[in-house]
Amino acid sequence: MKTRHRYVIVGAGRAAASAVEGIRQVETAGPILMIGAEAMLPYERPPLSKQLWFGKKKPAEIFPHSLEWYQSQGVELLLGRRATGLDATARKLIDDRGGEHEYDKLLLATGGAPRTLAIPGGELPGVSYYRTLADYTALQEMAPRGKTATVIGGGFIGSELAAALTHAGAQVTMLFPGRYLAQRVFPEPFAQLVTQQFRERGIRVLGGDVPTSIVHKGNRFLTNTRDGEQLPSDMVVVGVGIRPSTELAAAAGLTIADGVAVNALLQSSSPEVYAAGDNAEFPYAALGRWMRVEHWDNALSQGRQAGRNMAGAGEKYLHLPYFFSDLFELGYEAVGDVNSRLETFADWQVEGRKGVLYYLANGRVRGAMMVDVWDKVEQARELIRRGEPVSPQALRGAIR
């Protein structure tokens, strides 16, 4: 089967849905093809480790658009299909059923795939590399009181899943190589506090250790660790990050760095091929460096801008994406480069509970995390955009 569309979008996540919005903001006609590996419409991923577990949303509420909306926008959906080949010169995409799809402009919104454990038993059936709505459904059915879970990973996803499973009634053990939770992002005093809060919730936290093998015995898993622990559990959930899905782009000869390398207009090294979302490395203008950002707001905003530019808008992507997390009662929003290796300054209103963490390099604000301080992301963005030298003390009260 051969088709021709003005626009082809590879991927069916948040960036892909936003790209349709962006295209239609500029051009109201022109056929669009969206091809995605999951056999369902694009949905929001943050609720999978947040609102769904705490009853703040239902699964039906995480889809930004209905089937009727896509039809009204002139989008042909090929879901449950994988793109297997791309000829950027001939402007042709091949899918896993032999379909050939010619295009004028193409967007790679292929996202990322969970990093897996390179240990014996790491690929056992039932070990959850948590990423999809199907993964949520499977765990949610297994997490009533009395069930036990081993969560491998102490970053954002691992921490959120441990909190979610505990809230659902599971007995949780966490295993990760760092000393404290999210220590790549949280300054050490704050990381210590959050780790202690998890322990107070009944979560067994094993920092500074890693799994060496996983065995399935009967209906249970046994996770063996470097330090000699053996952790029996009903569930093993792995959240150790993702790797960008760049295989299709690499095979087509596009430039690959940490992801698909794009310019400020989100064009790859083949100008008719764009990339956006978790798989794209782009020039982060406000920070003056190349970055790949794996957060929802970037997928939403970058996907929309890619769609607009595919339709001819010619606008640079200058957005400063933010992200957010909820860990029991602790909630925060963050923007910019929030790396604990930078100089940090804490402006607490309530020590360790409410305030703003600033991340500085060469005396300039590069990132900010608002802990239980809400609706201040734009103020933080403005501080980062200014790029002016500032002393930590001068930041007291800058964001309230």
# chains A, B, ... in the order shown; residues from 1 in each chain; ligands from 1
>>> residues_around(residues="Ile242 (chain A)", least_positions_apart="3", cutoff="9 Å", atoms="only C-alpha atoms", output="list in words")
Gly112, Ala113, Pro114, Arg115, Thr116, Gly239, Ser245, Asp278 and Glu294 of chain A
>>> write_last_selection(atoms="C-alpha atoms", output="PDB file, in the first residue's frame")
ATOM      1  CA  GLY A 112      11.931   7.022  24.326  1.00  0.00           C
ATOM      2  CA  ALA A 113      12.033   3.472  25.595  1.00  0.00           C
ATOM      3  CA  PRO A 114      12.725   2.432  29.206  1.00  0.00           C
ATOM      4  CA  ARG A 115      16.300   1.565  30.026  1.00  0.00           C
ATOM      5  CA  THR A 116      16.525  -2.099  30.964  1.00  0.00           C
ATOM      6  CA  GLY A 239      12.242   3.092  36.736  1.00  0.00           C
ATOM      7  CA  SER A 245      14.254   6.307  20.327  1.00  0.00           C
ATOM      8  CA  ASP A 278      11.893  13.011  24.431  1.00  0.00           C
ATOM      9  CA  GLU A 294      12.181  14.351  28.892  1.00  0.00           C
TER      10      GLU A 294
END
>>> closest_atom_pairs(of="region 244-282 of chain A", to="region 3-18 of chain A", cutoff="12 Å", atoms="only C-alpha atoms", output="JSON lines")
{"residue": "A:Ser245", "atom": "CA", "partner": "A:Gly11", "partner_atom": "CA", "distance": 10.2}
{"residue": "A:Thr246", "atom": "CA", "partner": "A:Val10", "partner_atom": "CA", "distance": 11.6}
{"residue": "A:Leu248", "atom": "CA", "partner": "A:Val10", "partner_atom": "CA", "distance": 9.8}
{"residue": "A:Ala249", "atom": "CA", "partner": "A:Val10", "partner_atom": "CA", "distance": 10.8}
{"residue": "A:Glu272", "atom": "CA", "partner": "A:Tyr7", "partner_atom": "CA", "distance": 10.0}
{"residue": "A:Val273", "atom": "CA", "partner": "A:Val8", "partner_atom": "CA", "distance": 9.6}
{"residue": "A:Tyr274", "atom": "CA", "partner": "A:Ile9", "partner_atom": "CA", "distance": 9.4}
{"residue": "A:Ala275", "atom": "CA", "partner": "A:Ala15", "partner_atom": "CA", "distance": 9.3}
{"residue": "A:Ala276", "atom": "CA", "partner": "A:Ala15", "partner_atom": "CA", "distance": 6.4}
{"residue": "A:Gly277", "atom": "CA", "partner": "A:Ala15", "partner_atom": "CA", "distance": 5.6}
{"residue": "A:Asp278", "atom": "CA", "partner": "A:Ala15", "partner_atom": "CA", "distance": 8.6}
{"residue": "A:Asn279", "atom": "CA", "partner": "A:Ala15", "partner_atom": "CA", "distance": 10.3}
{"residue": "A:Ala280", "atom": "CA", "partner": "A:Ala15", "partner_atom": "CA", "distance": 10.8}
>>> closest_residue(among="A:Arg289, A:Met1, A:Lys316, A:Val390", to="Ser301 (chain A)", atoms="only C-alpha atoms")
A:Lys316
>>> residues_around(residues="region 335-343 of chain A", least_positions_apart="4", cutoff="9 Å", atoms="only C-alpha atoms", output="count of residues only")
30
>>> residues_around(residues="Leu48 (chain A)", least_positions_apart="5", cutoff="10 Å", atoms="only C-alpha atoms", output="PDB file with all heavy atoms, in the first residue's frame")
ATOM      1  N   TYR A  43      -1.994   9.871  24.639  1.00  0.00           N
ATOM      2  CA  TYR A  43      -2.453  10.195  25.994  1.00  0.00           C
ATOM      3  C   TYR A  43      -1.315  10.843  26.780  1.00  0.00           C
ATOM      4  O   TYR A  43      -0.155  10.823  26.383  1.00  0.00           O
ATOM      5  CB  TYR A  43      -2.968   8.939  26.715  1.00  0.00           C
ATOM      6  CG  TYR A  43      -1.987   7.797  26.819  1.00  0.00           C
ATOM      7  CD1 TYR A  43      -1.058   7.734  27.857  1.00  0.00           C
ATOM      8  CD2 TYR A  43      -1.997   6.757  25.895  1.00  0.00           C
ATOM      9  CE1 TYR A  43      -0.159   6.680  27.958  1.00  0.00           C
ATOM     10  CE2 TYR A  43      -1.110   5.696  25.983  1.00  0.00           C
ATOM     11  CZ  TYR A  43      -0.192   5.661  27.027  1.00  0.00           C
ATOM     12  OH  TYR A  43       0.695   4.607  27.113  1.00  0.00           O
ATOM     13  N   TRP A  53      -3.150   7.216  40.387  1.00  0.00           N
ATOM     14  CA  TRP A  53      -3.006   6.436  41.616  1.00  0.00           C
ATOM     15  C   TRP A  53      -3.718   7.076  42.794  1.00  0.00           C
ATOM     16  O   TRP A  53      -4.123   6.384  43.731  1.00  0.00           O
ATOM     17  CB  TRP A  53      -1.525   6.268  41.940  1.00  0.00           C
ATOM     18  CG  TRP A  53      -0.814   5.349  41.003  1.00  0.00           C
ATOM     19  CD1 TRP A  53      -0.106   5.698  39.884  1.00  0.00           C
ATOM     20  CD2 TRP A  53      -0.756   3.926  41.072  1.00  0.00           C
ATOM     21  NE1 TRP A  53       0.393   4.590  39.262  1.00  0.00           N
ATOM     22  CE2 TRP A  53       0.021   3.480  39.971  1.00  0.00           C
ATOM     23  CE3 TRP A  53      -1.263   2.984  41.957  1.00  0.00           C
ATOM     24  CZ2 TRP A  53       0.287   2.137  39.746  1.00  0.00           C
ATOM     25  CZ3 TRP A  53      -0.997   1.640  41.735  1.00  0.00           C
ATOM     26  CH2 TRP A  53      -0.237   1.239  40.645  1.00  0.00           C
ATOM     27  N   LYS A  57      -7.577  11.562  38.740  1.00  0.00           N
ATOM     28  CA  LYS A  57      -8.003  11.406  37.350  1.00  0.00           C
ATOM     29  C   LYS A  57      -8.365   9.954  37.118  1.00  0.00           C
ATOM     30  O   LYS A  57      -7.883   9.056  37.815  1.00  0.00           O
ATOM     31  CB  LYS A  57      -6.903  11.827  36.362  1.00  0.00           C
ATOM     32  CG  LYS A  57      -6.750  13.325  36.199  1.00  0.00           C
ATOM     33  CD  LYS A  57      -5.843  13.652  35.014  1.00  0.00           C
ATOM     34  CE  LYS A  57      -5.785  15.167  34.790  1.00  0.00           C
ATOM     35  NZ  LYS A  57      -4.951  15.504  33.614  1.00  0.00           N
ATOM     36  N   PRO A  59      -8.553   6.907  33.955  1.00  0.00           N
ATOM     37  CA  PRO A  59      -7.847   6.647  32.691  1.00  0.00           C
ATOM     38  C   PRO A  59      -8.478   7.325  31.487  1.00  0.00           C
ATOM     39  O   PRO A  59      -7.753   7.814  30.605  1.00  0.00           O
ATOM     40  CB  PRO A  59      -7.906   5.117  32.584  1.00  0.00           C
ATOM     41  CG  PRO A  59      -7.885   4.656  34.002  1.00  0.00           C
ATOM     42  CD  PRO A  59      -8.720   5.665  34.752  1.00  0.00           C
ATOM     43  N   ILE A  62      -7.176  11.018  30.538  1.00  0.00           N
ATOM     44  CA  ILE A  62      -5.792  11.384  30.217  1.00  0.00           C
ATOM     45  C   ILE A  62      -5.557  11.513  28.711  1.00  0.00           C
ATOM     46  O   ILE A  62      -4.430  11.752  28.283  1.00  0.00           O
ATOM     47  CB  ILE A  62      -4.794  10.390  30.834  1.00  0.00           C
ATOM     48  CG1 ILE A  62      -4.847   9.033  30.138  1.00  0.00           C
ATOM     49  CG2 ILE A  62      -5.035  10.254  32.333  1.00  0.00           C
ATOM     50  CD1 ILE A  62      -3.745   8.077  30.608  1.00  0.00           C
ATOM     51  N   TYR A 130       8.187   0.403  33.679  1.00  0.00           N
ATOM     52  CA  TYR A 130       6.955   1.191  33.705  1.00  0.00           C
ATOM     53  C   TYR A 130       7.009   2.355  32.723  1.00  0.00           C
ATOM     54  O   TYR A 130       7.890   3.211  32.809  1.00  0.00           O
ATOM     55  CB  TYR A 130       6.753   1.721  35.115  1.00  0.00           C
ATOM     56  CG  TYR A 130       5.369   2.225  35.402  1.00  0.00           C
ATOM     57  CD1 TYR A 130       4.353   1.347  35.739  1.00  0.00           C
ATOM     58  CD2 TYR A 130       5.079   3.576  35.345  1.00  0.00           C
ATOM     59  CE1 TYR A 130       3.082   1.792  36.024  1.00  0.00           C
ATOM     60  CE2 TYR A 130       3.811   4.038  35.632  1.00  0.00           C
ATOM     61  CZ  TYR A 130       2.819   3.145  35.977  1.00  0.00           C
ATOM     62  OH  TYR A 130       1.554   3.600  36.251  1.00  0.00           O
ATOM     63  N   ARG A 131       6.021   2.381  31.799  1.00  0.00           N
ATOM     64  CA  ARG A 131       6.030   3.446  30.796  1.00  0.00           C
ATOM     65  C   ARG A 131       4.642   3.747  30.225  1.00  0.00           C
ATOM     66  O   ARG A 131       4.354   4.869  29.843  1.00  0.00           O
ATOM     67  CB  ARG A 131       6.972   3.054  29.652  1.00  0.00           C
ATOM     68  CG  ARG A 131       7.107   4.049  28.511  1.00  0.00           C
ATOM     69  CD  ARG A 131       7.852   5.278  28.913  1.00  0.00           C
ATOM     70  NE  ARG A 131       8.104   6.169  27.776  1.00  0.00           N
ATOM     71  CZ  ARG A 131       8.486   7.436  27.887  1.00  0.00           C
ATOM     72  NH1 ARG A 131       8.679   7.957  29.081  1.00  0.00           N
ATOM     73  NH2 ARG A 131       8.690   8.175  26.809  1.00  0.00           N
ATOM     74  N   THR A 132       3.756   2.752  30.152  1.00  0.00           N
ATOM     75  CA  THR A 132       2.535   2.886  29.369  1.00  0.00           C
ATOM     76  C   THR A 132       1.281   2.750  30.226  1.00  0.00           C
ATOM     77  O   THR A 132       1.328   2.325  31.386  1.00  0.00           O
ATOM     78  CB  THR A 132       2.474   1.820  28.270  1.00  0.00           C
ATOM     79  OG1 THR A 132       2.332   0.522  28.882  1.00  0.00           O
ATOM     80  CG2 THR A 132       3.740   1.845  27.406  1.00  0.00           C
ATOM     81  N   LEU A 133       0.158   3.083  29.619  1.00  0.00           N
ATOM     82  CA  LEU A 133      -1.128   2.918  30.291  1.00  0.00           C
ATOM     83  C   LEU A 133      -1.381   1.452  30.615  1.00  0.00           C
ATOM     84  O   LEU A 133      -1.938   1.120  31.664  1.00  0.00           O
ATOM     85  CB  LEU A 133      -2.251   3.475  29.411  1.00  0.00           C
ATOM     86  CG  LEU A 133      -3.671   3.410  29.974  1.00  0.00           C
ATOM     87  CD1 LEU A 133      -3.768   4.102  31.327  1.00  0.00           C
ATOM     88  CD2 LEU A 133      -4.655   4.030  28.981  1.00  0.00           C
ATOM     89  N   ALA A 134      -0.955   0.552  29.738  1.00  0.00           N
ATOM     90  CA  ALA A 134      -1.088  -0.880  30.017  1.00  0.00           C
ATOM     91  C   ALA A 134      -0.277  -1.272  31.249  1.00  0.00           C
ATOM     92  O   ALA A 134      -0.705  -2.115  32.052  1.00  0.00           O
ATOM     93  CB  ALA A 134      -0.658  -1.691  28.804  1.00  0.00           C
ATOM     94  N   ASP A 135       0.904  -0.662  31.428  1.00  0.00           N
ATOM     95  CA  ASP A 135       1.714  -0.931  32.613  1.00  0.00           C
ATOM     96  C   ASP A 135       0.975  -0.484  33.870  1.00  0.00           C
ATOM     97  O   ASP A 135       0.975  -1.187  34.899  1.00  0.00           O
ATOM     98  CB  ASP A 135       3.061  -0.206  32.528  1.00  0.00           C
ATOM     99  CG  ASP A 135       3.940  -0.717  31.402  1.00  0.00           C
ATOM    100  OD1 ASP A 135       3.820  -1.895  31.034  1.00  0.00           O
ATOM    101  OD2 ASP A 135       4.755   0.075  30.892  1.00  0.00           O
ATOM    102  N   TYR A 136       0.361   0.705  33.818  1.00  0.00           N
ATOM    103  CA  TYR A 136      -0.419   1.185  34.970  1.00  0.00           C
ATOM    104  C   TYR A 136      -1.542   0.220  35.311  1.00  0.00           C
ATOM    105  O   TYR A 136      -1.723  -0.156  36.473  1.00  0.00           O
ATOM    106  CB  TYR A 136      -1.006   2.573  34.681  1.00  0.00           C
ATOM    107  CG  TYR A 136      -2.151   2.914  35.605  1.00  0.00           C
ATOM    108  CD1 TYR A 136      -1.900   3.294  36.927  1.00  0.00           C
ATOM    109  CD2 TYR A 136      -3.481   2.804  35.180  1.00  0.00           C
ATOM    110  CE1 TYR A 136      -2.948   3.575  37.790  1.00  0.00           C
ATOM    111  CE2 TYR A 136      -4.525   3.077  36.042  1.00  0.00           C
ATOM    112  CZ  TYR A 136      -4.255   3.459  37.346  1.00  0.00           C
ATOM    113  OH  TYR A 136      -5.290   3.709  38.210  1.00  0.00           O
ATOM    114  N   THR A 137      -2.278  -0.197  34.307  1.00  0.00           N
ATOM    115  CA  THR A 137      -3.413  -1.090  34.544  1.00  0.00           C
ATOM    116  C   THR A 137      -2.961  -2.389  35.204  1.00  0.00           C
ATOM    117  O   THR A 137      -3.595  -2.870  36.155  1.00  0.00           O
ATOM    118  CB  THR A 137      -4.133  -1.392  33.220  1.00  0.00           C
ATOM    119  OG1 THR A 137      -4.586  -0.152  32.644  1.00  0.00           O
ATOM    120  CG2 THR A 137      -5.332  -2.299  33.447  1.00  0.00           C
ATOM    121  N   ILE A 157      10.814   8.873  38.454  1.00  0.00           N
ATOM    122  CA  ILE A 157       9.825   7.828  38.237  1.00  0.00           C
ATOM    123  C   ILE A 157       9.838   6.819  39.379  1.00  0.00           C
ATOM    124  O   ILE A 157       8.787   6.430  39.902  1.00  0.00           O
ATOM    125  CB  ILE A 157      10.049   7.131  36.882  1.00  0.00           C
ATOM    126  CG1 ILE A 157       9.859   8.132  35.743  1.00  0.00           C
ATOM    127  CG2 ILE A 157       9.078   5.959  36.711  1.00  0.00           C
ATOM    128  CD1 ILE A 157       8.484   8.762  35.697  1.00  0.00           C
ATOM    129  N   GLU A 160       8.171   8.442  42.425  1.00  0.00           N
ATOM    130  CA  GLU A 160       6.730   8.584  42.258  1.00  0.00           C
ATOM    131  C   GLU A 160       6.021   7.237  42.329  1.00  0.00           C
ATOM    132  O   GLU A 160       4.945   7.113  42.929  1.00  0.00           O
ATOM    133  CB  GLU A 160       6.427   9.282  40.929  1.00  0.00           C
ATOM    134  CG  GLU A 160       6.792  10.750  40.925  1.00  0.00           C
ATOM    135  CD  GLU A 160       6.476  11.450  39.615  1.00  0.00           C
ATOM    136  OE1 GLU A 160       6.128  10.756  38.630  1.00  0.00           O
ATOM    137  OE2 GLU A 160       6.577  12.680  39.571  1.00  0.00           O
ATOM    138  N   LEU A 161       6.616   6.212  41.732  1.00  0.00           N
ATOM    139  CA  LEU A 161       6.000   4.889  41.763  1.00  0.00           C
ATOM    140  C   LEU A 161       5.998   4.313  43.168  1.00  0.00           C
ATOM    141  O   LEU A 161       5.026   3.670  43.584  1.00  0.00           O
ATOM    142  CB  LEU A 161       6.722   3.955  40.806  1.00  0.00           C
ATOM    143  CG  LEU A 161       6.448   4.204  39.321  1.00  0.00           C
ATOM    144  CD1 LEU A 161       7.355   3.342  38.465  1.00  0.00           C
ATOM    145  CD2 LEU A 161       4.979   3.903  38.995  1.00  0.00           C
ATOM    146  N   ALA A 164       3.219   6.039  44.904  1.00  0.00           N
ATOM    147  CA  ALA A 164       1.922   5.602  44.381  1.00  0.00           C
ATOM    148  C   ALA A 164       1.564   4.210  44.878  1.00  0.00           C
ATOM    149  O   ALA A 164       0.427   3.959  45.322  1.00  0.00           O
ATOM    150  CB  ALA A 164       1.945   5.633  42.857  1.00  0.00           C
TER     151      ALA A 164
END
